[in-house]
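Asks: protein-v9.pdb is reproduced below (PDB, C-alpha atoms, pLDDT in the B column).
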```
ATOM      1  CA  GLU G1374     -22.310 -69.587 -79.430  1.00 82.00           C
ATOM      2  CA  LEU G1375     -19.299 -67.434 -78.694  1.00 81.00           C
ATOM      3  CA  MET G1376     -21.090 -65.702 -75.832  1.00 83.00           C
ATOM      4  CA  LEU G1377     -22.080 -69.074 -74.350  1.00 84.00           C
ATOM      5  CA  LYS G1378     -18.481 -70.281 -74.535  1.00 82.00           C
ATOM      6  CA  GLU G1379     -17.322 -67.044 -72.914  1.00 83.00           C
ATOM      7  CA  GLN G1380     -19.850 -67.486 -70.108  1.00 85.00           C
ATOM      8  CA  GLU G1381     -18.769 -71.104 -69.632  1.00 85.00           C
ATOM      9  CA  THR G1382     -15.135 -69.999 -69.470  1.00 84.00           C
ATOM     10  CA  LYS G1383     -15.934 -67.278 -66.948  1.00 84.00           C
ATOM     11  CA  GLY G1384     -17.884 -69.809 -64.908  1.00 84.00           C
ATOM     12  CA  LEU G1385     -14.929 -72.210 -64.939  1.00 82.00           C
ATOM     13  CA  ALA G1386     -12.573 -69.422 -63.949  1.00 82.00           C
ATOM     14  CA  GLU G1387     -14.859 -68.466 -61.060  1.00 86.00           C
ATOM     15  CA  LYS G1388     -15.028 -72.096 -59.922  1.00 86.00           C
ATOM     16  CA  GLU G1389     -11.239 -72.375 -60.047  1.00 84.00           C
ATOM     17  CA  THR G1390     -10.905 -69.129 -58.101  1.00 85.00           C
ATOM     18  CA  ASP G1391     -13.384 -70.376 -55.505  1.00 86.00           C
ATOM     19  CA  LYS G1392     -11.483 -73.667 -55.187  1.00 86.00           C
ATOM     20  CA  PHE G1393      -8.236 -71.744 -54.783  1.00 83.00           C
ATOM     21  CA  GLU G1394      -9.713 -69.470 -52.125  1.00 86.00           C
ATOM     22  CA  GLN G1395     -11.203 -72.468 -50.279  1.00 87.00           C
ATOM     23  CA  LYS G1396      -7.836 -74.268 -50.276  1.00 84.00           C
ATOM     24  CA  ARG G1397      -6.099 -71.087 -49.134  1.00 82.00           C
ATOM     25  CA  LYS G1398      -8.599 -70.782 -46.267  1.00 85.00           C
ATOM     26  CA  GLU G1399      -8.076 -74.436 -45.302  1.00 83.00           C
ATOM     27  CA  GLU G1400      -4.306 -73.960 -45.360  1.00 81.00           C
ATOM     28  CA  ARG G1401      -4.550 -70.885 -43.127  1.00 81.00           C
ATOM     29  CA  GLU G1402      -6.686 -72.835 -40.663  1.00 81.00           C
ATOM     30  CA  ALA G1403      -4.277 -75.776 -40.702  1.00 77.00           C
ATOM     31  CA  ALA G1404      -1.146 -73.611 -40.400  1.00 72.00           C
ATOM     32  CA  PRO G1405      -1.045 -73.483 -36.569  1.00 71.00           C
ATOM     33  CA  GLN G1406      -1.293 -77.276 -36.373  1.00 69.00           C
ATOM     34  CA  ARG G1407       1.468 -77.698 -38.960  1.00 63.00           C
ATOM     35  CA  SER G1408       3.776 -75.264 -37.171  1.00 64.00           C
ATOM     36  CA  GLU G1409       3.429 -77.293 -33.972  1.00 65.00           C
ATOM     37  CA  ALA G1410       4.260 -80.467 -35.878  1.00 62.00           C
ATOM     38  CA  LYS G1411       7.215 -78.741 -37.559  1.00 63.00           C
ATOM     39  CA  GLU G1412       8.638 -77.733 -34.186  1.00 63.00           C
ATOM     40  CA  LYS G1413       8.603 -81.386 -33.124  1.00 58.00           C
ATOM     41  CA  ASP G1414      10.191 -82.469 -36.408  1.00 56.00           C
ATOM     42  CA  LYS G1415      12.942 -79.837 -36.204  1.00 57.00           C
ATOM     43  CA  VAL G1416      14.595 -81.680 -33.359  1.00 49.00           C
ATOM     44  CA  GLU G1417      14.615 -84.920 -35.360  1.00 48.00           C
ATOM     45  CA  GLU G1418      15.710 -83.281 -38.638  1.00 46.00           C
ATOM     46  CA  SER G1419      18.467 -81.173 -37.122  1.00 47.00           C
ATOM     47  CA  SER G1420      20.920 -84.044 -37.538  1.00 44.00           C
ATOM     48  CA  LEU G1421      20.037 -84.549 -41.230  1.00 42.00           C
ATOM     49  CA  VAL G1422      21.468 -82.649 -44.179  1.00 46.00           C
ATOM     50  CA  VAL G1423      18.666 -81.888 -46.620  1.00 44.00           C
ATOM     51  CA  ALA G1424      19.079 -80.234 -50.017  1.00 42.00           C
ATOM     52  CA  PRO G1425      16.743 -77.288 -50.616  1.00 48.00           C
ATOM     53  CA  LYS G1426      13.702 -78.006 -52.765  1.00 49.00           C
ATOM     54  CA  VAL G1427      13.746 -76.470 -56.237  1.00 44.00           C
ATOM     55  CA  GLN G1428      10.320 -74.988 -56.936  1.00 62.00           C
ATOM     56  CA  TYR G1429      11.089 -73.670 -60.392  1.00 65.00           C
ATOM     57  CA  GLN G1430      13.712 -73.969 -63.046  1.00 74.00           C
ATOM     58  CA  GLU G1431      15.546 -70.962 -64.404  1.00 80.00           C
ATOM     59  CA  PHE G1432      16.216 -70.651 -68.104  1.00 84.00           C
ATOM     60  CA  THR G1433      18.930 -68.435 -69.527  1.00 89.00           C
ATOM     61  CA  TRP G1434      18.247 -66.007 -72.347  1.00 90.00           C
ATOM     62  CA  GLU G1435      20.420 -68.229 -74.574  1.00 91.00           C
ATOM     63  CA  ASP G1436      18.238 -71.269 -73.704  1.00 90.00           C
ATOM     64  CA  ILE G1437      15.118 -69.344 -74.703  1.00 90.00           C
ATOM     65  CA  VAL G1438      16.619 -67.951 -77.919  1.00 92.00           C
ATOM     66  CA  THR G1439      17.796 -71.416 -78.915  1.00 92.00           C
ATOM     67  CA  ALA G1440      14.478 -73.075 -78.030  1.00 92.00           C
ATOM     68  CA  THR G1441      12.510 -70.535 -80.087  1.00 92.00           C
ATOM     69  CA  SER G1442      14.984 -70.629 -83.016  1.00 93.00           C
ATOM     70  CA  SER G1443      15.776 -66.953 -82.443  1.00 93.00           C
ATOM     71  CA  PHE G1444      12.068 -66.178 -82.118  1.00 92.00           C
ATOM     72  CA  SER G1445      11.258 -67.632 -85.510  1.00 93.00           C
ATOM     73  CA  GLU G1446       7.964 -66.606 -87.105  1.00 94.00           C
ATOM     74  CA  ASP G1447       7.389 -70.336 -87.778  1.00 94.00           C
ATOM     75  CA  LEU G1448       7.187 -70.929 -84.013  1.00 94.00           C
ATOM     76  CA  LYS G1449       5.040 -67.886 -83.274  1.00 94.00           C
ATOM     77  CA  ILE G1450       1.671 -69.089 -81.971  1.00 92.00           C
ATOM     78  CA  GLY G1451       0.072 -65.762 -81.199  1.00 90.00           C
ATOM     79  CA  THR G1452       0.233 -62.171 -80.161  1.00 87.00           C
ATOM     80  CA  GLY G1453      -1.252 -61.208 -76.833  1.00 75.00           C
ATOM     81  CA  ALA G1454      -1.992 -57.850 -75.311  1.00 73.00           C
ATOM     82  CA  TYR G1455       1.481 -57.668 -73.802  1.00 74.00           C
ATOM     83  CA  GLY G1456       3.663 -59.491 -76.289  1.00 81.00           C
ATOM     84  CA  ASP G1457       4.256 -62.249 -78.787  1.00 89.00           C
ATOM     85  CA  VAL G1458       3.965 -65.923 -77.802  1.00 89.00           C
ATOM     86  CA  TYR G1459       6.257 -68.602 -79.216  1.00 92.00           C
ATOM     87  CA  LYS G1460       6.134 -72.386 -78.996  1.00 91.00           C
ATOM     88  CA  CYS G1461       9.389 -74.005 -77.912  1.00 90.00           C
ATOM     89  CA  ASN G1462      10.945 -77.021 -76.261  1.00 88.00           C
ATOM     90  CA  LEU G1463      12.839 -76.141 -73.073  1.00 85.00           C
ATOM     91  CA  HIS G1464      14.734 -79.039 -71.518  1.00 82.00           C
ATOM     92  CA  HIS G1465      12.381 -81.632 -73.047  1.00 84.00           C
ATOM     93  CA  THR G1466       9.267 -79.706 -72.014  1.00 81.00           C
ATOM     94  CA  ILE G1467       6.984 -78.168 -74.626  1.00 84.00           C
ATOM     95  CA  ALA G1468       6.349 -74.618 -73.522  1.00 85.00           C
ATOM     96  CA  ALA G1469       5.074 -71.236 -74.623  1.00 86.00           C
ATOM     97  CA  VAL G1470       7.345 -68.213 -74.238  1.00 88.00           C
ATOM     98  CA  LYS G1471       5.848 -64.744 -74.021  1.00 85.00           C
ATOM     99  CA  VAL G1472       8.034 -61.759 -74.903  1.00 85.00           C
ATOM    100  CA  LEU G1473       6.891 -58.304 -73.819  1.00 79.00           C
ATOM    101  CA  HIS G1474       6.414 -55.689 -76.572  1.00 75.00           C
ATOM    102  CA  SER G1475       8.203 -53.020 -74.526  1.00 71.00           C
ATOM    103  CA  ALA G1476       9.581 -52.350 -71.084  1.00 64.00           C
ATOM    104  CA  GLU G1477       6.947 -49.768 -70.164  1.00 63.00           C
ATOM    105  CA  ILE G1478       6.203 -49.793 -66.452  1.00 60.00           C
ATOM    106  CA  ASN G1479       2.456 -49.959 -67.090  1.00 66.00           C
ATOM    107  CA  LEU G1480       2.810 -53.037 -69.318  1.00 66.00           C
ATOM    108  CA  SER G1481       5.168 -54.618 -66.821  1.00 72.00           C
ATOM    109  CA  LYS G1482       2.605 -54.261 -64.013  1.00 79.00           C
ATOM    110  CA  GLN G1483      -0.107 -55.815 -66.189  1.00 78.00           C
ATOM    111  CA  PHE G1484       2.258 -58.625 -67.156  1.00 75.00           C
ATOM    112  CA  ASP G1485       3.081 -59.197 -63.471  1.00 80.00           C
ATOM    113  CA  GLN G1486      -0.644 -59.422 -62.691  1.00 83.00           C
ATOM    114  CA  GLU G1487      -1.133 -61.934 -65.497  1.00 79.00           C
ATOM    115  CA  HIS G1488       1.863 -63.880 -64.211  1.00 78.00           C
ATOM    116  CA  GLU G1489       0.444 -63.934 -60.668  1.00 82.00           C
ATOM    117  CA  ILE G1490      -2.964 -65.167 -61.832  1.00 82.00           C
ATOM    118  CA  LEU G1491      -1.576 -67.830 -64.172  1.00 77.00           C
ATOM    119  CA  SER G1492       0.732 -69.133 -61.461  1.00 77.00           C
ATOM    120  CA  LYS G1493      -2.309 -69.877 -59.279  1.00 81.00           C
ATOM    121  CA  ILE G1494      -4.603 -71.465 -61.880  1.00 81.00           C
ATOM    122  CA  ARG G1495      -4.535 -75.081 -63.036  1.00 79.00           C
ATOM    123  CA  HIS G1496      -6.818 -76.032 -65.909  1.00 80.00           C
ATOM    124  CA  PRO G1497      -6.522 -78.526 -68.806  1.00 80.00           C
ATOM    125  CA  HIS G1498      -6.987 -75.731 -71.362  1.00 77.00           C
ATOM    126  CA  LEU G1499      -4.277 -73.472 -69.925  1.00 73.00           C
ATOM    127  CA  VAL G1500      -0.521 -73.774 -70.294  1.00 69.00           C
ATOM    128  CA  LEU G1501       1.288 -74.551 -67.051  1.00 68.00           C
ATOM    129  CA  LEU G1502       3.367 -71.587 -65.938  1.00 69.00           C
ATOM    130  CA  LEU G1503       7.064 -72.465 -65.515  1.00 66.00           C
TER     131      LEU G1503
END
```
Show how you would write the structure in this file as structure tokens.

Replies:
Amino acid sequence: ELMLKEQETKGLAEKETDKFEQKRKEEREAAPQRSEAKEKDKVEESSLVVAPKVQYQEFTWEDIVTATSSFSEDLKIGTGAYGDVYKCNLHHTIAAVKVLHSAEINLSKQFDQEHEILSKIRHPHLVLLL
């Protein structure tokens, strides 16, 4: 049963990766058309003042410590390969916070790879990366 679930999960991950790659390819193909349209819009928008879009929200260390009740064992939901994971509520959003075990360069690279992958994947069974 476990092996079947693992295969299903791998299959879903492959499908999501394929979808991502397909969308990336479509975006690359559409990029020249969008840049032409942007050039036309620049003239019209040059007279407008537009605030920059915020793509992510930054949290201070104090926000994270407070949200995890100083990394309380009661809020600990797991231990991964790279660190402990805690459940918290950051600015009215339920989230998971991962804390690295150490600052080793090797672990940091692996964590960065995990971060890169999770930032590209959307799935109902995965936590959204903030």

Asks: Of the residues G:Glu1399, G:Asp1391, G:Glu1379, G:Glu1487, which is the one nearest to Ala1454 (chain G), using only C-alpha atoms?

Replies: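 Ranked by minimum distance to Ala1454 (chain G), first place goes to G:Glu1487.
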
Asks: When you count only C-alpha atoms, which of these residues is closest to Phe1393 (chain G): G:Ile1494, G:Leu1499, G:Leu1377, G:Ile1437?

Replies: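 Using only C-alpha atoms, the shortest distance to Phe1393 (chain G) belongs to G:Ile1494.
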
Asks: Rounded to one decimal, what separation in Å do you get between CA of Thr1441 (chain G) and CA of Tyr1459 (chain G)?

Replies: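 Taking CA of Thr1441 (chain G) and CA of Tyr1459 (chain G), their separation equals 6.6 Å.
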
Asks: If we count all atoms listed in the file, what is near Val1472 (chain G) at a cut-off of 9 Å, once residues fewer than 4 positions away on the same chain are taken out, given as a ChimeraX atom specification?

Replies: /G:1455-1459

Asks: Between G:Lys1383, G:Leu1463, G:Gly1453, G:Lys1396, single out the one closest to Glu1435 (chain G), counting all atoms listed in the file.

Replies: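 Closest to Glu1435 (chain G), using all atoms listed in the file: G:Leu1463.
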
Asks: One decimal, Å: what's the distance from CA of Ser1492 (chain G) over to CA of Glu1374 (chain G), could you say?

Replies: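 These atoms are spaced 29.2 Å apart.
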
Asks: Given the file above and the PyMOL selection byres ((chain G and resi 1448) around 9), which residues are selected, and can you give them as a ChimeraX atom specification?

Replies: /G:1441-1442,1444-1447,1449-1450,1458-1461

Asks: CA of Thr1382 (chain G) to CA of Leu1473 (chain G): how many Å, to one decimal?

Replies: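 Taking CA of Thr1382 (chain G) and CA of Leu1473 (chain G), their separation equals 25.3 Å.
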
Asks: I'd like to know which of G:Ala1440, G:Ala1403, G:Leu1385, G:Met1376 is closest to His1464 (chain G), using only C-alpha atoms.

Replies: G:Ala1440

Asks: Give the answer as one residue: which of G:Phe1484, G:Thr1452, G:Glu1394, G:Asp1436 has the shortest atom-to-atom distance to His1465 (chain G), using only C-alpha atoms?

Replies: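 Going through G:Phe1484, G:Thr1452, G:Glu1394, G:Asp1436 one by one, the smallest distance to His1465 (chain G) is for G:Asp1436.
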
Asks: My list of candidates is G:Gly1384, G:Pro1405, G:Pro1497, G:Gly1451. Which is closest to Lys1471 (chain G) when distances are computed with only C-alpha atoms?

Replies: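 Answer, going by the shortest atom-to-atom distance: G:Gly1451.
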